[in-house]
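Student: Shown below is the structure under consideration.
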Amino acid sequence: MAKYRDNLPQLSGGLFLTDGGIETTLIFHDGLDLPYFAAFDLLKDQSGQAALRRYFTTHATIARDNGRGFILESPTWRASSDWGAKLGYTKADMAEVNKQSIAMLADLRRTLETEQSPMVISGCIGPRGDGYNPGEVMTAEEAQAYHADQINAFAETEADMVTAITTTNVPEAIGVTRAAQAAAMPVVISFTVETDGRLPSGETLKEAVEAVDTATDNGPVYFMINCAHPDHFGQALATGESWVKRIRGLRANASRLSHAELDEAEELDDGNPQEFGEQHSDLHRLLNHLVVMGGCCGTDHRHIEAICHACTTAKAA
């Protein structure tokens, strides 16, 4: 049974942390092979499962030791049918993978959670296409049908919510939201933006958030931004417009490079963890409705520690 599905604790305020860039950490720091960036493929054997457990334990422990809540985001960004097929998984296999990933996180939660550090389990949903390029954009109806299998699998587990990470376009966001609504699952939509602050499909964050809310009757419990550096979206959030209050989480890149430049990069750009933490503290101070903070490409536990320390220090001051 899901523990927090009907009462997500992050909605009550206080800083919740989440993990960093799982794929870049596993590839560049742990030396693991992730075809198609598919971290879920590690679940197929004991050594891969152990690597995932170490990764999540490292990040969740930062939250626990600092009395912060934590979002356990499943390693299933690529665990939808099209991507699974590239690796030889059937639809039935993918349903089992998604359920297995949540079972692993539920087991970790039983070990790591404390009263001061509630740990919410989120089923991670990735885009059908590339995370940097929307390619051929589905209709909202097509997106709902495509993502329903993964969301329905999560609904049968202890997952408290689902989060669509690195969403590149509005119709897919609408489709994911409707599929989650049909499954009675709380849903978060996390958009990615280019260096100009616009989605890869061209909309501004304001346009995207307002379009999804209009089409789904304010369906997402909140929105997030991920896979972009704070420099790329900070100005849009600083406007203070009403839509900005719907953005309640950030998972930024360590690098200031564009998506195209990151695609071509052969070495990891992990930026400056201390500066990264300070930028998040500045945003948290400016926008007190931000409640979930973590990292994306190039970030690891150092960046999460820096966010936690900077935000805690700022609050104390």
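Just so we're on the same page: first chain in the structure tokens is A, next is B, and so on; residues restart at 1 for each chain, and ligands are numbered from 1 in the order they show up.
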Per DSSP on the backbone, what are the strand (DSSP E) residues of range 19-125 of chain A, as a VMD selection string?

Tutor: chain A and resid 69 to 73 119 to 125

Student: Pull C-alpha atoms from the residues just selected and write them as a short mmCIF file (atom, residue, chain, number, x, y, z; two decimals), in the first residue's frame.

Tutor:
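Output below, filename part_35.cif:
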```cif
data_model
loop_
_atom_site.label_atom_id
_atom_site.label_comp_id
_atom_site.auth_asym_id
_atom_site.auth_seq_id
_atom_site.Cartn_x
_atom_site.Cartn_y
_atom_site.Cartn_z
CA GLY A 69 12.61 14.96 3.53
CA PHE A 70 13.64 13.02 0.44
CA ILE A 71 12.06 12.03 -2.87
CA LEU A 72 13.13 8.55 -3.94
CA GLU A 73 12.85 8.83 -7.74
CA MET A 119 10.75 9.66 2.11
CA VAL A 120 8.31 9.83 -0.78
CA ILE A 121 8.53 7.26 -3.58
CA SER A 122 8.05 8.60 -7.11
CA GLY A 123 7.74 6.55 -10.26
CA CYS A 124 9.91 8.29 -12.84
CA ILE A 125 8.57 8.66 -16.37
#
```

Student: Extract, using only C-alpha atoms, all DNA, RNA and protein residues at most 8 Å from Asp270 in chain A, discarding same-chain residues fewer than 5 positions from it, and format them as a ChimeraX atom specification.

Tutor: /A:254-255,298-299

Student: Which of these residues is nearest to Val187 in chain A, using only C-alpha atoms: A:Thr204, A:Thr168, A:Asn226, A:Thr163?

Tutor: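 Smallest distance to Val187 in chain A is found for A:Thr163.
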
Student: Excluding Glu141 in chain A and its own-chain neighbours fewer than 2 positions away, which residues fall within 9 Å of it when counting only C-alpha atoms? Please give them as JSON, numbers by chain.

Tutor: {"A": [138, 139, 143, 144, 145, 146, 171, 172, 174, 175, 178]}

Student: So that I can check the surroundings of Leu287 in chain A, please list as a list in words every protein, DNA and RNA residue that reaches within 12 Å of it, counting only C-alpha atoms and ignoring chain neighbours fewer than 2 positions away.

Tutor: Gly234, Ala236, Leu237, Ala238, Thr239, Gly240, Glu241, Ser242, Val244, Lys245, Arg246, Ile247, Arg248, Gly249, Leu250, His280, Ser281, Asp282, Leu283, His284, Arg285, His289, Leu290, Val291 and Val292 of chain A

Student: Store the residues picked out above, limited to N, CA and C atoms, as a PDB file, in the first residue's frame.

Tutor:
```pdb
ATOM      1  N   GLY A 234      16.498  30.926 -14.348  1.00  0.00           N
ATOM      2  CA  GLY A 234      16.357  31.779 -13.178  1.00  0.00           C
ATOM      3  C   GLY A 234      15.625  33.074 -13.446  1.00  0.00           C
ATOM      4  N   ALA A 236      13.294  33.693 -15.667  1.00  0.00           N
ATOM      5  CA  ALA A 236      11.856  33.472 -15.823  1.00  0.00           C
ATOM      6  C   ALA A 236      11.179  33.323 -14.468  1.00  0.00           C
ATOM      7  N   LEU A 237      11.829  32.635 -13.527  1.00  0.00           N
ATOM      8  CA  LEU A 237      11.235  32.439 -12.213  1.00  0.00           C
ATOM      9  C   LEU A 237      11.230  33.717 -11.392  1.00  0.00           C
ATOM     10  N   ALA A 238      12.158  34.615 -11.680  1.00  0.00           N
ATOM     11  CA  ALA A 238      12.281  35.854 -10.909  1.00  0.00           C
ATOM     12  C   ALA A 238      11.182  36.861 -11.225  1.00  0.00           C
ATOM     13  N   THR A 239      10.351  36.573 -12.233  1.00  0.00           N
ATOM     14  CA  THR A 239       9.298  37.521 -12.612  1.00  0.00           C
ATOM     15  C   THR A 239       8.231  37.661 -11.531  1.00  0.00           C
ATOM     16  N   GLY A 240       8.064  36.602 -10.722  1.00  0.00           N
ATOM     17  CA  GLY A 240       7.053  36.649  -9.672  1.00  0.00           C
ATOM     18  C   GLY A 240       5.629  36.536 -10.173  1.00  0.00           C
ATOM     19  N   GLU A 241       5.436  36.181 -11.446  1.00  0.00           N
ATOM     20  CA  GLU A 241       4.085  36.036 -11.984  1.00  0.00           C
ATOM     21  C   GLU A 241       3.377  34.842 -11.343  1.00  0.00           C
ATOM     22  N   SER A 242       2.067  34.840 -11.440  1.00  0.00           N
ATOM     23  CA  SER A 242       1.281  33.835 -10.718  1.00  0.00           C
ATOM     24  C   SER A 242       1.632  32.406 -11.105  1.00  0.00           C
ATOM     25  N   VAL A 244       4.421  31.150 -11.729  1.00  0.00           N
ATOM     26  CA  VAL A 244       5.684  30.728 -11.114  1.00  0.00           C
ATOM     27  C   VAL A 244       5.416  29.923  -9.833  1.00  0.00           C
ATOM     28  N   LYS A 245       4.326  30.213  -9.152  1.00  0.00           N
ATOM     29  CA  LYS A 245       4.017  29.495  -7.917  1.00  0.00           C
ATOM     30  C   LYS A 245       3.686  28.030  -8.168  1.00  0.00           C
ATOM     31  N   ARG A 246       3.428  27.677  -9.418  1.00  0.00           N
ATOM     32  CA  ARG A 246       3.185  26.268  -9.752  1.00  0.00           C
ATOM     33  C   ARG A 246       4.490  25.482  -9.871  1.00  0.00           C
ATOM     34  N   ILE A 247       5.621  26.189  -9.981  1.00  0.00           N
ATOM     35  CA  ILE A 247       6.935  25.534 -10.026  1.00  0.00           C
ATOM     36  C   ILE A 247       7.407  25.320  -8.596  1.00  0.00           C
ATOM     37  N   ARG A 248       7.456  24.077  -8.178  1.00  0.00           N
ATOM     38  CA  ARG A 248       7.801  23.800  -6.779  1.00  0.00           C
ATOM     39  C   ARG A 248       9.022  22.896  -6.633  1.00  0.00           C
ATOM     40  N   GLY A 249       9.696  22.618  -7.744  1.00  0.00           N
ATOM     41  CA  GLY A 249      10.872  21.769  -7.652  1.00  0.00           C
ATOM     42  C   GLY A 249      11.862  22.036  -8.764  1.00  0.00           C
ATOM     43  N   LEU A 250      13.141  21.783  -8.481  1.00  0.00           N
ATOM     44  CA  LEU A 250      14.226  21.982  -9.443  1.00  0.00           C
ATOM     45  C   LEU A 250      15.164  20.790  -9.414  1.00  0.00           C
ATOM     46  N   HIS A 280      20.998  27.662  -5.761  1.00  0.00           N
ATOM     47  CA  HIS A 280      19.730  27.097  -5.303  1.00  0.00           C
ATOM     48  C   HIS A 280      19.253  27.793  -4.026  1.00  0.00           C
ATOM     49  N   SER A 281      20.184  28.152  -3.172  1.00  0.00           N
ATOM     50  CA  SER A 281      19.814  28.890  -1.966  1.00  0.00           C
ATOM     51  C   SER A 281      19.207  30.241  -2.327  1.00  0.00           C
ATOM     52  N   ASP A 282      19.806  30.909  -3.312  1.00  0.00           N
ATOM     53  CA  ASP A 282      19.272  32.204  -3.764  1.00  0.00           C
ATOM     54  C   ASP A 282      17.849  32.043  -4.296  1.00  0.00           C
ATOM     55  N   LEU A 283      17.631  30.984  -5.092  1.00  0.00           N
ATOM     56  CA  LEU A 283      16.297  30.743  -5.642  1.00  0.00           C
ATOM     57  C   LEU A 283      15.300  30.376  -4.545  1.00  0.00           C
ATOM     58  N   HIS A 284      15.767  29.587  -3.584  1.00  0.00           N
ATOM     59  CA  HIS A 284      14.900  29.180  -2.478  1.00  0.00           C
ATOM     60  C   HIS A 284      14.497  30.375  -1.632  1.00  0.00           C
ATOM     61  N   ARG A 285      15.419  31.300  -1.458  1.00  0.00           N
ATOM     62  CA  ARG A 285      15.130  32.508  -0.680  1.00  0.00           C
ATOM     63  C   ARG A 285      14.144  33.408  -1.430  1.00  0.00           C
ATOM     64  N   HIS A 289       8.127  28.968  -2.235  1.00  0.00           N
ATOM     65  CA  HIS A 289       7.268  27.820  -2.557  1.00  0.00           C
ATOM     66  C   HIS A 289       8.061  26.665  -3.153  1.00  0.00           C
ATOM     67  N   LEU A 290       9.351  26.863  -3.441  1.00  0.00           N
ATOM     68  CA  LEU A 290      10.189  25.760  -3.925  1.00  0.00           C
ATOM     69  C   LEU A 290      10.427  24.784  -2.777  1.00  0.00           C
ATOM     70  N   VAL A 291      10.043  23.538  -2.972  1.00  0.00           N
ATOM     71  CA  VAL A 291      10.157  22.573  -1.878  1.00  0.00           C
ATOM     72  C   VAL A 291      11.005  21.355  -2.216  1.00  0.00           C
ATOM     73  N   VAL A 292      11.229  21.081  -3.496  1.00  0.00           N
ATOM     74  CA  VAL A 292      12.003  19.898  -3.886  1.00  0.00           C
ATOM     75  C   VAL A 292      13.221  20.347  -4.686  1.00  0.00           C
TER      76      VAL A 292
END
```
